[in-house]
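Novice: My questions all concern the structure below.
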Amino acid sequence: MNRPLPLLAAALVAVLPAVAACGGDTAETAASAPATTAVTSPDTTQIDQVKAGSFMIGFRGAFPGLAEGRDDPAIAAIFTETCADIRAGDPEDEVVSTLTGRLAIGDTEPTEPETQAVYQMIAVMCRDR
């Protein structure tokens with residue numbers, strides 16, 4: 001099943017500003033930010049939850065066929081598991097292959113462009129911890 005690529009690009013445009021708001025260059029942030037307490041400085045888990053939430057919104061909007069029948073925790077798992085693979089340093093082709101399996105649901109298989117678009121969304125979002 002082919003889905004229009006402009007929709008994929010729109011999803012990236014919609015998600016990237018949210019990602020930019022969640023994280024930045026950690027060296028720059030650390031140098032310019034004063035020491036703070038845990039109350040005012042979210043930890044990695046909180047940031048990852050925000051990013052997973054942003055991913056869910058973008059994913060549902062860009063890939064309704066792949067999102068159909070999945071609840072929020074299932075979509076968040078696609079993000080967190082793939083992000084863990086990327087952070088572990090797994091080769092991109094292996095991560096993409098595994099992601100293809102994660103994206104398949106019932107008789108619906110993702111197209112190669114869909115898988116690549118989802119991979120790129122996740123890769124951008126999970127660069128900063």
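Lettering and numbering for the structure tokens are positional, with chains as A, B, ... in the shown order, residues counted from 1 in each chain, and ligands counted from 1 in the shown order.
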Residues at most 12 Å from Glu81 of chain A, counting only C-alpha atoms, excluding those fewer than 5 positions away in the same chain, as number ranges by chain?
Specialist: A: 48, 52, 73-76, 86-88, 90, 95-96, 98-99, 101-103, 119, 122-123, 126
Novice: For the selection just defined, write its residues with N, CA and C atoms to a file, as a short mmCIF file (atom, residue, chain, number, x, y, z; two decimals), in the first residue's frame.
Specialist:
data_model
loop_
_atom_site.label_atom_id
_atom_site.label_comp_id
_atom_site.auth_asym_id
_atom_site.auth_seq_id
_atom_site.Cartn_x
_atom_site.Cartn_y
_atom_site.Cartn_z
N ASP A 48 12.77 11.44 27.46
CA ASP A 48 12.40 10.36 26.54
C ASP A 48 10.89 10.16 26.49
N ALA A 52 8.72 10.41 23.23
CA ALA A 52 7.84 9.31 22.82
C ALA A 52 6.43 9.83 22.57
N PRO A 73 0.73 3.02 24.25
CA PRO A 73 1.93 2.31 24.70
C PRO A 73 2.59 1.49 23.59
N ALA A 74 1.83 0.94 22.67
CA ALA A 74 2.41 0.17 21.57
C ALA A 74 3.20 1.07 20.62
N ILE A 75 2.68 2.26 20.36
CA ILE A 75 3.39 3.20 19.50
C ILE A 75 4.63 3.74 20.22
N ALA A 76 4.49 4.03 21.51
CA ALA A 76 5.65 4.49 22.28
C ALA A 76 6.74 3.42 22.29
N ILE A 86 19.36 2.27 18.31
CA ILE A 86 20.21 3.31 17.74
C ILE A 86 21.28 3.72 18.75
N ARG A 87 20.87 3.95 19.99
CA ARG A 87 21.81 4.35 21.03
C ARG A 87 22.83 3.26 21.35
N ALA A 88 22.45 2.00 21.13
CA ALA A 88 23.37 0.88 21.36
C ALA A 88 24.42 0.78 20.27
N ASP A 90 23.76 -0.11 17.07
CA ASP A 90 23.44 -1.12 16.07
C ASP A 90 23.53 -0.51 14.68
N VAL A 95 18.82 -1.93 12.29
CA VAL A 95 17.77 -1.19 12.99
C VAL A 95 16.55 -1.03 12.08
N VAL A 96 16.79 -0.69 10.83
CA VAL A 96 15.69 -0.50 9.87
C VAL A 96 14.96 -1.83 9.65
N THR A 98 14.71 -4.37 11.74
CA THR A 98 13.94 -4.64 12.95
C THR A 98 12.73 -3.72 13.03
N LEU A 99 12.91 -2.46 12.65
CA LEU A 99 11.82 -1.50 12.67
C LEU A 99 10.70 -1.92 11.72
N GLY A 101 9.71 -4.87 11.07
CA GLY A 101 8.91 -5.84 11.82
C GLY A 101 8.05 -5.19 12.89
N ARG A 102 8.59 -4.19 13.55
CA ARG A 102 7.83 -3.48 14.59
C ARG A 102 6.65 -2.72 14.01
N LEU A 103 6.82 -2.22 12.80
CA LEU A 103 5.77 -1.42 12.17
C LEU A 103 4.65 -2.27 11.56
N TYR A 119 12.17 5.72 10.68
CA TYR A 119 13.54 5.60 11.19
C TYR A 119 14.15 7.00 11.36
N ILE A 122 12.72 8.85 14.36
CA ILE A 122 13.24 8.32 15.62
C ILE A 122 14.70 8.70 15.80
N ALA A 123 15.49 8.57 14.74
CA ALA A 123 16.92 8.88 14.84
C ALA A 123 17.15 10.33 15.26
N CYS A 126 16.11 10.83 18.97
CA CYS A 126 16.83 10.15 20.04
C CYS A 126 18.31 10.47 20.05
#
Novice: For Val50 of chain A, which of A:Phe79, A:Asp71, A:Ala84, A:Gly65 is the closest residue, counting only C-alpha atoms?
Specialist: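 Looking only at the distances to Val50 of chain A, the closest residue turns out to be A:Phe79.
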Novice: Hey, what does DSSP flag as helix (DSSP H, G or I) within segment 50-119 of chain A? Can you give it to me as a ChimeraX atom specification?
Specialist: /A:50-62,64-67,72-87,92-103,112-119
Novice: Could you tell me how far atom CA of Gly69 of chain A lies from atom CA of Thr100 of chain A, in Å and to one decimal?
Specialist: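 Computing it gives 16.7 Å between the two atoms.
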Novice: Which residue out of A:Lys51, A:Thr80, A:Phe63, A:Met56 has the minimum interatomic distance to Glu114 of chain A when only C-alpha atoms are used?
Specialist: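 The answer is A:Phe63, which sits nearest to Glu114 of chain A.
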Novice: One number please: atom CA of Leu66 of chain A to atom CA of Asp85 of chain A, in Å, one decimal.
Specialist: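 Pair atom CA of Leu66 of chain A / atom CA of Asp85 of chain A returns 20.7 Å.
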Novice: Grab the atom CA of Gly106 of chain A to atom CA of Val118 of chain A distance for me, in Å with one decimal place.
Specialist: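 Going from atom CA of Gly106 of chain A over to atom CA of Val118 of chain A, I get 18.4 Å.
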